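A.B. asks: Have a peek at run.cif (mmCIF, C-alpha atoms).
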data_work
loop_
_atom_site.group_PDB
_atom_site.id
_atom_site.type_symbol
_atom_site.label_atom_id
_atom_site.label_comp_id
_atom_site.auth_asym_id
_atom_site.auth_seq_id
_atom_site.Cartn_x
_atom_site.Cartn_y
_atom_site.Cartn_z
ATOM 1 C CA MET A 8 -55.098 20.926 -28.268
ATOM 2 C CA ASP A 9 -54.831 24.672 -27.784
ATOM 3 C CA PRO A 10 -51.674 26.070 -29.490
ATOM 4 C CA ASP A 11 -50.713 28.017 -26.371
ATOM 5 C CA VAL A 12 -50.928 24.858 -24.271
ATOM 6 C CA MET A 13 -48.808 22.997 -26.819
ATOM 7 C CA LYS A 14 -46.249 25.801 -26.726
ATOM 8 C CA LEU A 15 -46.063 25.718 -22.917
ATOM 9 C CA PHE A 16 -45.802 21.923 -23.008
ATOM 10 C CA SER A 17 -42.924 22.102 -25.517
ATOM 11 C CA ILE A 18 -41.093 24.672 -23.388
ATOM 12 C CA ALA A 19 -41.528 22.490 -20.297
ATOM 13 C CA VAL A 20 -40.211 19.397 -22.090
ATOM 14 C CA GLY A 21 -37.267 21.355 -23.470
ATOM 15 C CA THR A 22 -36.463 22.789 -20.055
ATOM 16 C CA LEU A 23 -36.345 19.296 -18.568
ATOM 17 C CA ALA A 24 -34.532 17.749 -21.534
ATOM 18 C CA VAL A 25 -31.592 20.168 -21.625
ATOM 19 C CA PRO A 26 -30.188 19.377 -18.127
ATOM 20 C CA LEU A 27 -30.855 15.684 -18.719
ATOM 21 C CA LEU A 28 -28.930 15.753 -21.992
ATOM 22 C CA LEU A 29 -26.099 17.708 -20.365
ATOM 23 C CA PHE A 30 -25.941 15.132 -17.576
ATOM 24 C CA MET A 31 -25.822 12.238 -20.047
ATOM 25 C CA ALA A 32 -23.137 13.977 -22.127
ATOM 26 C CA SER A 33 -21.027 14.609 -19.026
ATOM 27 C CA PHE A 34 -21.477 11.016 -17.893
ATOM 28 C CA LEU A 35 -20.427 9.609 -21.256
ATOM 29 C CA MET A 36 -17.760 12.109 -22.356
ATOM 30 C CA TRP A 37 -16.402 13.793 -19.205
ATOM 31 C CA PRO A 38 -17.067 11.472 -16.251
ATOM 32 C CA SER A 39 -14.236 13.034 -14.234
ATOM 33 C CA SER A 40 -16.022 16.405 -14.367
ATOM 34 C CA LEU A 41 -19.175 14.734 -13.079
ATOM 35 C CA ILE A 42 -17.226 13.282 -10.138
ATOM 36 C CA ARG A 43 -15.829 16.719 -9.265
ATOM 37 C CA VAL A 44 -19.345 18.168 -9.374
ATOM 38 C CA TYR A 45 -20.437 15.335 -7.088
ATOM 39 C CA TYR A 46 -17.875 16.383 -4.450
ATOM 40 C CA TRP A 47 -18.771 20.045 -4.881
ATOM 41 C CA TYR A 48 -22.448 19.226 -4.340
ATOM 42 C CA TRP A 49 -21.831 17.196 -1.185
ATOM 43 C CA ARG A 50 -19.522 19.814 0.307
ATOM 44 C CA GLY A 51 -22.281 22.391 -0.152
ATOM 45 C CA THR A 52 -24.994 20.079 1.138
ATOM 46 C CA LEU A 53 -23.016 19.179 4.261
ATOM 47 C CA GLY A 54 -21.870 22.729 4.959
ATOM 48 C CA VAL A 55 -18.186 21.916 4.405
ATOM 49 C CA LYS A 56 -15.839 24.759 3.475
ATOM 50 C CA VAL A 57 -12.425 24.450 1.778
ATOM 51 C CA ARG A 58 -9.585 26.519 3.215
ATOM 52 C CA TYR A 59 -5.803 26.904 2.841
ATOM 53 C CA ALA A 60 -3.166 27.314 5.541
ATOM 54 C CA ASP A 61 0.309 28.614 4.647
ATOM 55 C CA CYS A 62 3.429 28.141 6.725
ATOM 56 C CA GLY A 63 6.955 28.980 5.582
ATOM 57 C CA GLY A 64 6.212 28.536 1.879
ATOM 58 C CA TYR A 65 4.309 25.276 2.452
ATOM 59 C CA ARG A 66 0.564 25.220 1.781
ATOM 60 C CA PHE A 67 -2.005 22.862 3.316
ATOM 61 C CA CYS A 68 -5.434 22.423 1.764
ATOM 62 C CA TYR A 69 -8.162 21.351 4.160
ATOM 63 C CA SER A 70 -11.902 21.393 4.633
ATOM 64 C CA HIS A 71 -13.772 22.148 7.803
ATOM 65 C CA ARG A 72 -17.225 22.361 9.307
ATOM 66 C CA GLY A 73 -18.310 23.987 12.551
ATOM 67 C CA ARG A 74 -16.300 25.998 15.047
ATOM 68 C CA PRO A 75 -14.207 25.086 18.083
ATOM 69 C CA GLY A 76 -16.411 24.733 21.139
ATOM 70 C CA PHE A 77 -16.871 22.808 24.360
ATOM 71 C CA ARG A 78 -16.321 19.440 22.699
ATOM 72 C CA PRO A 79 -12.911 18.494 21.247
ATOM 73 C CA SER A 80 -12.225 19.284 17.604
ATOM 74 C CA ILE A 81 -11.761 16.291 15.280
ATOM 75 C CA LEU A 82 -8.959 16.056 12.693
ATOM 76 C CA LEU A 83 -9.352 13.422 9.939
ATOM 77 C CA LEU A 84 -6.360 11.950 8.042
ATOM 78 C CA HIS A 85 -7.107 10.086 4.809
ATOM 79 C CA GLY A 86 -5.283 7.127 3.269
ATOM 80 C CA PHE A 87 -2.862 6.646 0.390
ATOM 81 C CA SER A 88 -3.907 8.325 -2.908
ATOM 82 C CA GLU A 89 -7.101 9.691 -1.353
ATOM 83 C CA HIS A 90 -7.956 13.286 -0.384
ATOM 84 C CA LYS A 91 -9.925 15.351 2.118
ATOM 85 C CA ASP A 92 -13.248 14.724 0.317
ATOM 86 C CA SER A 93 -12.879 10.991 0.997
ATOM 87 C CA TRP A 94 -14.522 11.665 4.377
ATOM 88 C CA LEU A 95 -17.676 13.297 2.975
ATOM 89 C CA SER A 96 -19.656 10.048 2.984
ATOM 90 C CA MET A 97 -19.000 9.763 6.731
ATOM 91 C CA LEU A 98 -19.497 13.428 7.679
ATOM 92 C CA LYS A 99 -23.219 13.250 6.950
ATOM 93 C CA TYR A 100 -23.591 10.925 9.956
ATOM 94 C CA LEU A 101 -21.756 13.220 12.388
ATOM 95 C CA PRO A 102 -23.515 15.946 14.419
ATOM 96 C CA LYS A 103 -23.227 19.379 12.818
ATOM 97 C CA HIS A 104 -22.216 21.063 16.077
ATOM 98 C CA LEU A 105 -18.840 19.248 16.045
ATOM 99 C CA HIS A 106 -15.765 21.073 14.794
ATOM 100 C CA LEU A 107 -14.395 18.852 12.004
ATOM 101 C CA LEU A 108 -11.277 19.252 9.864
ATOM 102 C CA SER A 109 -9.993 16.978 7.092
ATOM 103 C CA VAL A 110 -6.646 17.841 5.537
ATOM 104 C CA ASP A 111 -5.013 16.727 2.299
ATOM 105 C CA MET A 112 -1.999 14.681 3.373
ATOM 106 C CA PRO A 113 1.485 15.881 2.261
ATOM 107 C CA GLY A 114 1.616 16.081 -1.542
ATOM 108 C CA HIS A 115 -1.980 14.933 -1.998
ATOM 109 C CA GLU A 116 -4.584 17.005 -3.844
ATOM 110 C CA GLY A 117 -4.171 20.661 -2.797
ATOM 111 C CA THR A 118 -1.303 20.285 -0.305
ATOM 112 C CA THR A 119 2.229 21.161 -1.437
ATOM 113 C CA ARG A 120 4.430 18.470 -3.019
ATOM 114 C CA THR A 121 8.067 18.569 -2.014
ATOM 115 C CA ASN A 122 10.281 15.461 -1.768
ATOM 116 C CA VAL A 123 10.335 11.929 -0.389
ATOM 117 C CA GLU A 124 11.412 13.107 3.064
ATOM 118 C CA ASP A 125 7.905 14.482 3.525
ATOM 119 C CA TYR A 126 6.262 11.274 2.257
ATOM 120 C CA SER A 127 7.719 8.826 4.791
ATOM 121 C CA ILE A 128 5.470 8.190 7.791
ATOM 122 C CA GLN A 129 7.714 10.264 10.056
ATOM 123 C CA GLY A 130 7.874 13.018 7.441
ATOM 124 C CA GLN A 131 4.085 13.110 7.197
ATOM 125 C CA VAL A 132 3.817 13.263 10.982
ATOM 126 C CA ARG A 133 6.070 16.327 11.028
ATOM 127 C CA ARG A 134 4.004 18.035 8.332
ATOM 128 C CA ILE A 135 0.699 17.248 10.081
ATOM 129 C CA ARG A 136 2.112 18.746 13.301
ATOM 130 C CA GLN A 137 3.046 21.817 11.271
ATOM 131 C CA PHE A 138 -0.561 22.031 10.043
ATOM 132 C CA VAL A 139 -1.931 21.613 13.576
ATOM 133 C CA GLU A 140 0.239 24.447 14.854
ATOM 134 C CA THR A 141 -0.521 26.671 11.850
ATOM 135 C CA VAL A 142 -4.308 26.486 12.375
ATOM 136 C CA ARG A 143 -3.778 26.494 16.172
ATOM 137 C CA LEU A 144 -5.728 23.279 16.540
ATOM 138 C CA ASN A 145 -3.699 22.217 19.592
ATOM 139 C CA ARG A 146 -4.760 25.148 21.739
ATOM 140 C CA LYS A 147 -6.636 22.401 23.551
ATOM 141 C CA PRO A 148 -6.461 18.601 23.076
ATOM 142 C CA PHE A 149 -8.294 17.318 20.002
ATOM 143 C CA HIS A 150 -9.461 13.934 18.699
ATOM 144 C CA LEU A 151 -7.361 12.490 15.856
ATOM 145 C CA VAL A 152 -8.736 9.988 13.319
ATOM 146 C CA GLY A 153 -6.689 8.243 10.626
ATOM 147 C CA THR A 154 -7.488 5.532 8.112
ATOM 148 C CA SER A 155 -4.968 3.165 6.504
ATOM 149 C CA MET A 156 -1.836 5.237 5.707
ATOM 150 C CA GLY A 157 -3.448 8.088 7.621
ATOM 151 C CA GLY A 158 -3.973 5.661 10.508
ATOM 152 C CA SER A 159 -0.261 4.922 10.620
ATOM 153 C CA VAL A 160 0.479 8.652 10.614
ATOM 154 C CA ALA A 161 -2.117 9.274 13.338
ATOM 155 C CA GLY A 162 -0.692 6.536 15.559
ATOM 156 C CA VAL A 163 2.871 7.814 15.274
ATOM 157 C CA TYR A 164 1.613 11.363 15.840
ATOM 158 C CA ALA A 165 0.026 10.208 19.109
ATOM 159 C CA ALA A 166 3.323 8.599 20.145
ATOM 160 C CA CYS A 167 5.313 11.758 19.365
ATOM 161 C CA TYR A 168 2.891 14.476 20.515
ATOM 162 C CA PRO A 169 0.670 12.970 23.239
ATOM 163 C CA SER A 170 -0.147 16.331 24.841
ATOM 164 C CA ASP A 171 -1.903 17.461 21.617
ATOM 165 C CA LEU A 172 -4.553 14.745 21.820
ATOM 166 C CA CYS A 173 -7.456 13.778 24.044
ATOM 167 C CA SER A 174 -8.243 10.594 22.108
ATOM 168 C CA LEU A 175 -7.339 8.652 18.972
ATOM 169 C CA THR A 176 -9.141 6.475 16.399
ATOM 170 C CA LEU A 177 -7.238 4.225 13.983
ATOM 171 C CA ILE A 178 -9.223 2.700 11.108
ATOM 172 C CA CYS A 179 -7.445 -0.210 9.420
ATOM 173 C CA PRO A 180 -4.018 1.373 9.974
ATOM 174 C CA THR A 181 -1.022 0.269 7.953
ATOM 175 C CA GLY A 182 2.427 -0.155 9.497
ATOM 176 C CA LEU A 183 1.734 -3.177 11.703
ATOM 177 C CA LYS A 184 3.489 -6.537 11.667
ATOM 178 C CA CYS A 185 1.054 -9.416 11.238
ATOM 179 C CA PRO A 186 1.789 -12.910 12.580
ATOM 180 C CA GLY A 187 0.931 -14.338 9.166
ATOM 181 C CA GLU A 188 0.089 -13.242 5.647
ATOM 182 C CA THR A 189 -3.290 -11.512 5.504
ATOM 183 C CA THR A 190 -5.856 -11.938 2.737
ATOM 184 C CA PHE A 191 -5.027 -8.432 1.537
ATOM 185 C CA ASP A 192 -1.304 -9.284 1.422
ATOM 186 C CA SER A 193 -1.901 -12.470 -0.558
ATOM 187 C CA GLN A 194 -4.239 -10.704 -3.011
ATOM 188 C CA LEU A 195 -1.683 -7.950 -3.482
ATOM 189 C CA CYS A 196 1.070 -10.480 -4.207
ATOM 190 C CA GLU A 197 -1.188 -12.414 -6.584
ATOM 191 C CA LEU A 198 -2.003 -9.276 -8.562
ATOM 192 C CA GLU A 199 1.645 -8.281 -8.683
ATOM 193 C CA ARG A 200 2.510 -11.697 -10.178
ATOM 194 C CA SER A 201 -0.233 -11.438 -12.786
ATOM 195 C CA ALA A 202 -0.798 -8.943 -15.559
ATOM 196 C CA PHE A 203 0.069 -6.066 -13.257
ATOM 197 C CA ALA A 204 3.576 -7.353 -12.581
ATOM 198 C CA LEU A 205 5.138 -4.044 -13.595
ATOM 199 C CA ARG A 206 2.509 -1.943 -11.836
ATOM 200 C CA VAL A 207 1.430 -1.272 -8.264
ATOM 201 C CA PRO A 208 -2.154 -2.598 -7.921
ATOM 202 C CA LEU A 209 -3.114 0.425 -5.807
ATOM 203 C CA ILE A 210 -2.113 2.816 -8.605
ATOM 204 C CA PRO A 211 -4.486 1.999 -11.491
ATOM 205 C CA SER A 212 -4.129 3.553 -14.921
ATOM 206 C CA THR A 213 -7.059 1.867 -16.710
ATOM 207 C CA PRO A 214 -10.707 1.266 -15.770
ATOM 208 C CA GLU A 215 -10.016 -2.471 -15.473
ATOM 209 C CA GLU A 216 -7.127 -1.855 -13.087
ATOM 210 C CA MET A 217 -9.368 0.494 -11.100
ATOM 211 C CA ARG A 218 -11.951 -2.276 -10.831
ATOM 212 C CA HIS A 219 -9.260 -4.667 -9.574
ATOM 213 C CA MET A 220 -8.125 -2.117 -7.002
ATOM 214 C CA LEU A 221 -11.667 -1.673 -5.675
ATOM 215 C CA HIS A 222 -12.075 -5.443 -5.439
ATOM 216 C CA LEU A 223 -8.743 -5.719 -3.655
ATOM 217 C CA CYS A 224 -9.696 -3.079 -1.082
ATOM 218 C CA SER A 225 -13.306 -4.096 -0.452
ATOM 219 C CA HIS A 226 -14.860 -7.122 1.185
ATOM 220 C CA GLY A 227 -17.734 -7.294 -1.305
ATOM 221 C CA ARG A 228 -17.764 -6.924 -5.062
ATOM 222 C CA LEU A 229 -18.527 -3.324 -5.990
ATOM 223 C CA LYS A 230 -20.562 -2.934 -9.162
ATOM 224 C CA VAL A 231 -19.250 0.384 -10.438
ATOM 225 C CA PRO A 232 -20.300 1.576 -13.932
ATOM 226 C CA TYR A 233 -17.492 1.629 -16.485
ATOM 227 C CA GLN A 234 -17.837 5.383 -17.061
ATOM 228 C CA ILE A 235 -17.361 6.091 -13.356
ATOM 229 C CA LEU A 236 -14.270 3.876 -13.339
ATOM 230 C CA GLN A 237 -12.972 5.836 -16.329
ATOM 231 C CA GLY A 238 -13.654 9.131 -14.567
ATOM 232 C CA LEU A 239 -11.785 8.001 -11.451
ATOM 233 C CA VAL A 240 -8.815 6.919 -13.570
ATOM 234 C CA ASP A 241 -8.814 10.222 -15.469
ATOM 235 C CA ILE A 242 -8.587 12.107 -12.172
ATOM 236 C CA ARG A 243 -5.776 9.920 -10.837
ATOM 237 C CA ILE A 244 -3.526 9.453 -13.880
ATOM 238 C CA PRO A 245 -1.831 12.898 -13.684
ATOM 239 C CA HIS A 246 -0.799 12.034 -10.105
ATOM 240 C CA ASN A 247 0.273 8.406 -10.587
ATOM 241 C CA GLY A 248 3.975 9.269 -10.650
ATOM 242 C CA PHE A 249 3.603 10.959 -7.275
ATOM 243 C CA TYR A 250 1.532 8.059 -5.893
ATOM 244 C CA HIS A 251 4.249 5.611 -6.938
ATOM 245 C CA GLU A 252 6.860 7.725 -5.165
ATOM 246 C CA VAL A 253 4.792 7.780 -1.967
ATOM 247 C CA PHE A 254 3.978 4.072 -2.179
ATOM 248 C CA MET A 255 7.638 3.109 -2.459
ATOM 249 C CA GLU A 256 8.504 5.398 0.452
ATOM 250 C CA ILE A 257 5.837 4.187 2.907
ATOM 251 C CA ASN A 258 6.580 0.556 2.032
ATOM 252 C CA GLY A 259 10.331 1.004 2.272
ATOM 253 C CA GLN A 260 12.559 -0.107 5.131
ATOM 254 C CA LYS A 261 12.237 3.218 6.952
ATOM 255 C CA SER A 262 8.431 3.486 7.029
ATOM 256 C CA LYS A 263 6.827 0.068 6.582
ATOM 257 C CA TYR A 264 6.542 -0.764 10.297
ATOM 258 C CA THR A 265 6.854 2.701 11.819
ATOM 259 C CA LEU A 266 3.513 2.417 13.629
ATOM 260 C CA HIS A 267 4.428 -0.987 15.066
ATOM 261 C CA GLU A 268 7.682 0.436 16.379
ATOM 262 C CA HIS A 269 5.860 3.298 18.123
ATOM 263 C CA LEU A 270 2.943 1.354 19.641
ATOM 264 C CA HIS A 271 4.552 1.161 23.086
ATOM 265 C CA LEU A 272 4.766 4.966 23.199
ATOM 266 C CA ILE A 273 1.036 5.583 22.652
ATOM 267 C CA THR A 274 -0.610 6.649 25.921
ATOM 268 C CA THR A 275 -3.634 8.425 24.411
ATOM 269 C CA PRO A 276 -7.041 6.679 24.855
ATOM 270 C CA LEU A 277 -7.294 4.633 21.677
ATOM 271 C CA GLN A 278 -10.091 3.152 19.563
ATOM 272 C CA VAL A 279 -9.208 0.704 16.775
ATOM 273 C CA ILE A 280 -11.658 -0.151 13.993
ATOM 274 C CA TRP A 281 -10.590 -2.991 11.748
ATOM 275 C CA GLY A 282 -11.940 -4.484 8.549
ATOM 276 C CA CYS A 283 -11.441 -4.494 4.792
ATOM 277 C CA ALA A 284 -12.904 -1.403 3.237
ATOM 278 C CA CYS A 285 -12.269 1.637 1.085
ATOM 279 C CA VAL A 286 -14.085 4.879 0.504
ATOM 280 C CA TRP A 287 -16.141 4.189 -2.626
ATOM 281 C CA GLY A 288 -14.392 5.030 -5.812
ATOM 282 C CA ILE A 289 -11.634 7.187 -4.320
ATOM 283 C CA GLY A 290 -8.588 5.301 -3.209
ATOM 284 C CA ALA A 291 -7.169 2.671 -1.001
ATOM 285 C CA CYS A 292 -4.625 1.719 1.552
#
What does this structure look like when you write it as structure tokens?

C.D. replies:
Amino acid sequence: MDPDVMKLFSIAVGTLAVPLLLFMASFLMWPSSLIRVYYWYWRGTLGVKVRYADCGGYRFCYSHRGRPGFRPSILLLHGFSEHKDSWLSMLKYLPKHLHLLSVDMPGHEGTTRTNVEDYSIQGQVRRIRQFVETVRLNRKPFHLVGTSMGGSVAGVYAACYPSDLCSLTLICPTGLKCPGETTFDSQLCELERSAFALRVPLIPSTPEEMRHMLHLCSHGRLKVPYQILQGLVDIRIPHNGFYHEVFMEINGQKSKYTLHEHLHLITTPLQVIWGCACVWGIGAC
């Protein structure tokens, strides 16, 4: 073979091999970095921008796509221990002309952490209203969507500030009294009585605990590679103390059934979506 051809072939192979080797090294040694790159890639692909809103020394971190227009804006509230990027897998199915905002809930990800008063359901409602007013989202009624803990916050928000909203969607909201023990409740109790007796099952600190959490929060068995589980744990561990604080607050006497106690005050047109699910690999409840 011609030496020049061999040289070009070697350069081509090397050019392809370097990014592949970097990817494999990241996957094996720094999986959390790979997960962050994954979110960065999808934000760029979907045209989502990250912004900050400051009000009286308190900072909200949120992402948005599109601009306010004829149709109502949509505000998305994530669940416990999740973050604004948890909605990315859903945004790709929504029309790009819609004005969408997803905000980090109080204390989560890029939003300011303060004290437990802000982490109760009522406290989170007050902070979300502060965000809405800061970005002037309620200049005209908007559509509010919340999942799990965010669903409880969204429902109470609708009860307290009905004039802000044109419609409401609650996805598997917490804060409701069930006539009997649900499958999720029984699984949670079973895990708490087992090896995780001193831990909250929704706050994993090892890959195995992360796997259990995903099984607990999903109808089907998710086959997640060990390195991805490790990366998810690495991202969460620095925040586990905060997550425990929030978990104890929203499951305490003051917050556990806040949504149930406000149901009769909701007059906004309401859609409820129910099932057992979680956003893959991010969080739960």

A.B. asks: Taking the point (2.4, 8.4, 19.7) as given in the file, collect each protein or nucleic acid residue that comes within 10 Å of it, counting all atoms listed in the file, and present the set as a list in words.

C.D. replies: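 Output: Val160, Ala161, Gly162, Val163, Tyr164, Ala165, Ala166, Cys167, Tyr168, Pro169, Ser170, Leu172, Leu175, Leu266, His269, Leu270, His271, Leu272, Ile273, Thr274 and Thr275 of chain A.
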
A.B. asks: Could you check the closest approach to Trp47 in chain A for each of A:Leu277, A:Leu151, A:Leu95, A:Ile178 and tell me which residue wins, using all atoms listed in the file?

C.D. replies: A:Leu95

A.B. asks: Restricting the calculation to only C-alpha atoms: of A:Gly227, A:Gly187, A:Pro211, A:Pro113, which residue gets closest to Arg66 in chain A?

C.D. replies: A:Pro113

A.B. asks: Using all atoms listed in the file, which of the listed residues (A:Val142, A:Leu105, A:Ile128, A:Ile244) sits closest to Met156 in chain A?

C.D. replies: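 Checking each of A:Val142, A:Leu105, A:Ile128, A:Ile244 against Met156 in chain A, counting all atoms listed in the file, the winner is A:Ile128.
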
A.B. asks: Counting only C-alpha atoms, note down every residue that has an atom within 7 Å of the point (-16.3, 21.8, 8.6) (file coordinates), as a ChimeraX atom specification.

C.D. replies: /A:54-56,70-73,106-108

A.B. asks: Quick check on the file I pasted: which residues fall under the PyMOL selection byres ((chain A and resi 237) around 10)? Write them as a ChimeraX atom specification.

C.D. replies: /A:35-39,212-215,217-218,232-236,238-243

A.B. asks: I would like the residues chosen by the PyMOL selection byres ((chain A and resi 69) around 6) on the shown file; could you give them as a list in words?

C.D. replies: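 This file, filtered by the PyMOL selection byres ((chain A and resi 69) around 6), leaves Val57, Arg58, Cys68, Ser70, Ser109, Val110 and Asp111 of chain A.
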
A.B. asks: Ranking A:Glu116, A:Glu188, A:Asp61, A:Asp171 by minimum distance to Arg146 in chain A and counting all atoms listed in the file, which one comes first?

C.D. replies: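 Among the listed residues, the smallest separation from Arg146 in chain A belongs to A:Asp171.
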
A.B. asks: Between A:Asn145, A:His251, A:Arg50, A:Ser262, which residue has the minimum interatomic distance to Val132 in chain A, considering all atoms listed in the file?

C.D. replies: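 Of A:Asn145, A:His251, A:Arg50, A:Ser262, the one nearest Val132 in chain A, counting all atoms listed in the file, is A:Ser262.
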
A.B. asks: Pick out the residues sitting within 6 Å of range 120-127 of chain A, and hand them over as a PyMOL selection string; count only C-alpha atoms, and ignore anything fewer than 6 positions along from it in its own chain.

C.D. replies: chain A and resi 114+253+256-257+262

A.B. asks: Any chance you could export the current selection's C-alpha atoms as a PDB file, in the frame of the given file?

C.D. replies:
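Final output, saved to again34.pdb:
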ATOM      1  CA  GLY A 114       1.616  16.081  -1.542  1.00  0.00           C
ATOM      2  CA  VAL A 253       4.792   7.780  -1.967  1.00  0.00           C
ATOM      3  CA  GLU A 256       8.504   5.398   0.452  1.00  0.00           C
ATOM      4  CA  ILE A 257       5.837   4.187   2.907  1.00  0.00           C
ATOM      5  CA  SER A 262       8.431   3.486   7.029  1.00  0.00           C
TER       6      SER A 262
END

A.B. asks: Restricting the calculation to all atoms listed in the file: of A:Pro75, A:Leu229, A:His104, A:His222, which residue gets closest to Leu144 in chain A?

C.D. replies: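 Under the stated criterion, the closest residue is A:Pro75.
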
A.B. asks: Have a look at CA of Tyr46 in chain A and CA of Gly182 in chain A and let me know their distance in Å, one decimal.

C.D. replies: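 Spanning CA of Tyr46 in chain A to CA of Gly182 in chain A is a straight-line distance of 29.7 Å.
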
A.B. asks: Just to confirm, what's the straight-line distance from CA of Met97 in chain A to CA of Leu53 in chain A in Å (one decimal)?

C.D. replies: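 Here the two named atoms are 10.5 Å from each other.
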
A.B. asks: Work out how far CA of Met112 in chain A is from CA of Lys91 in chain A, in Å to one decimal.

C.D. replies: 8.1 Å
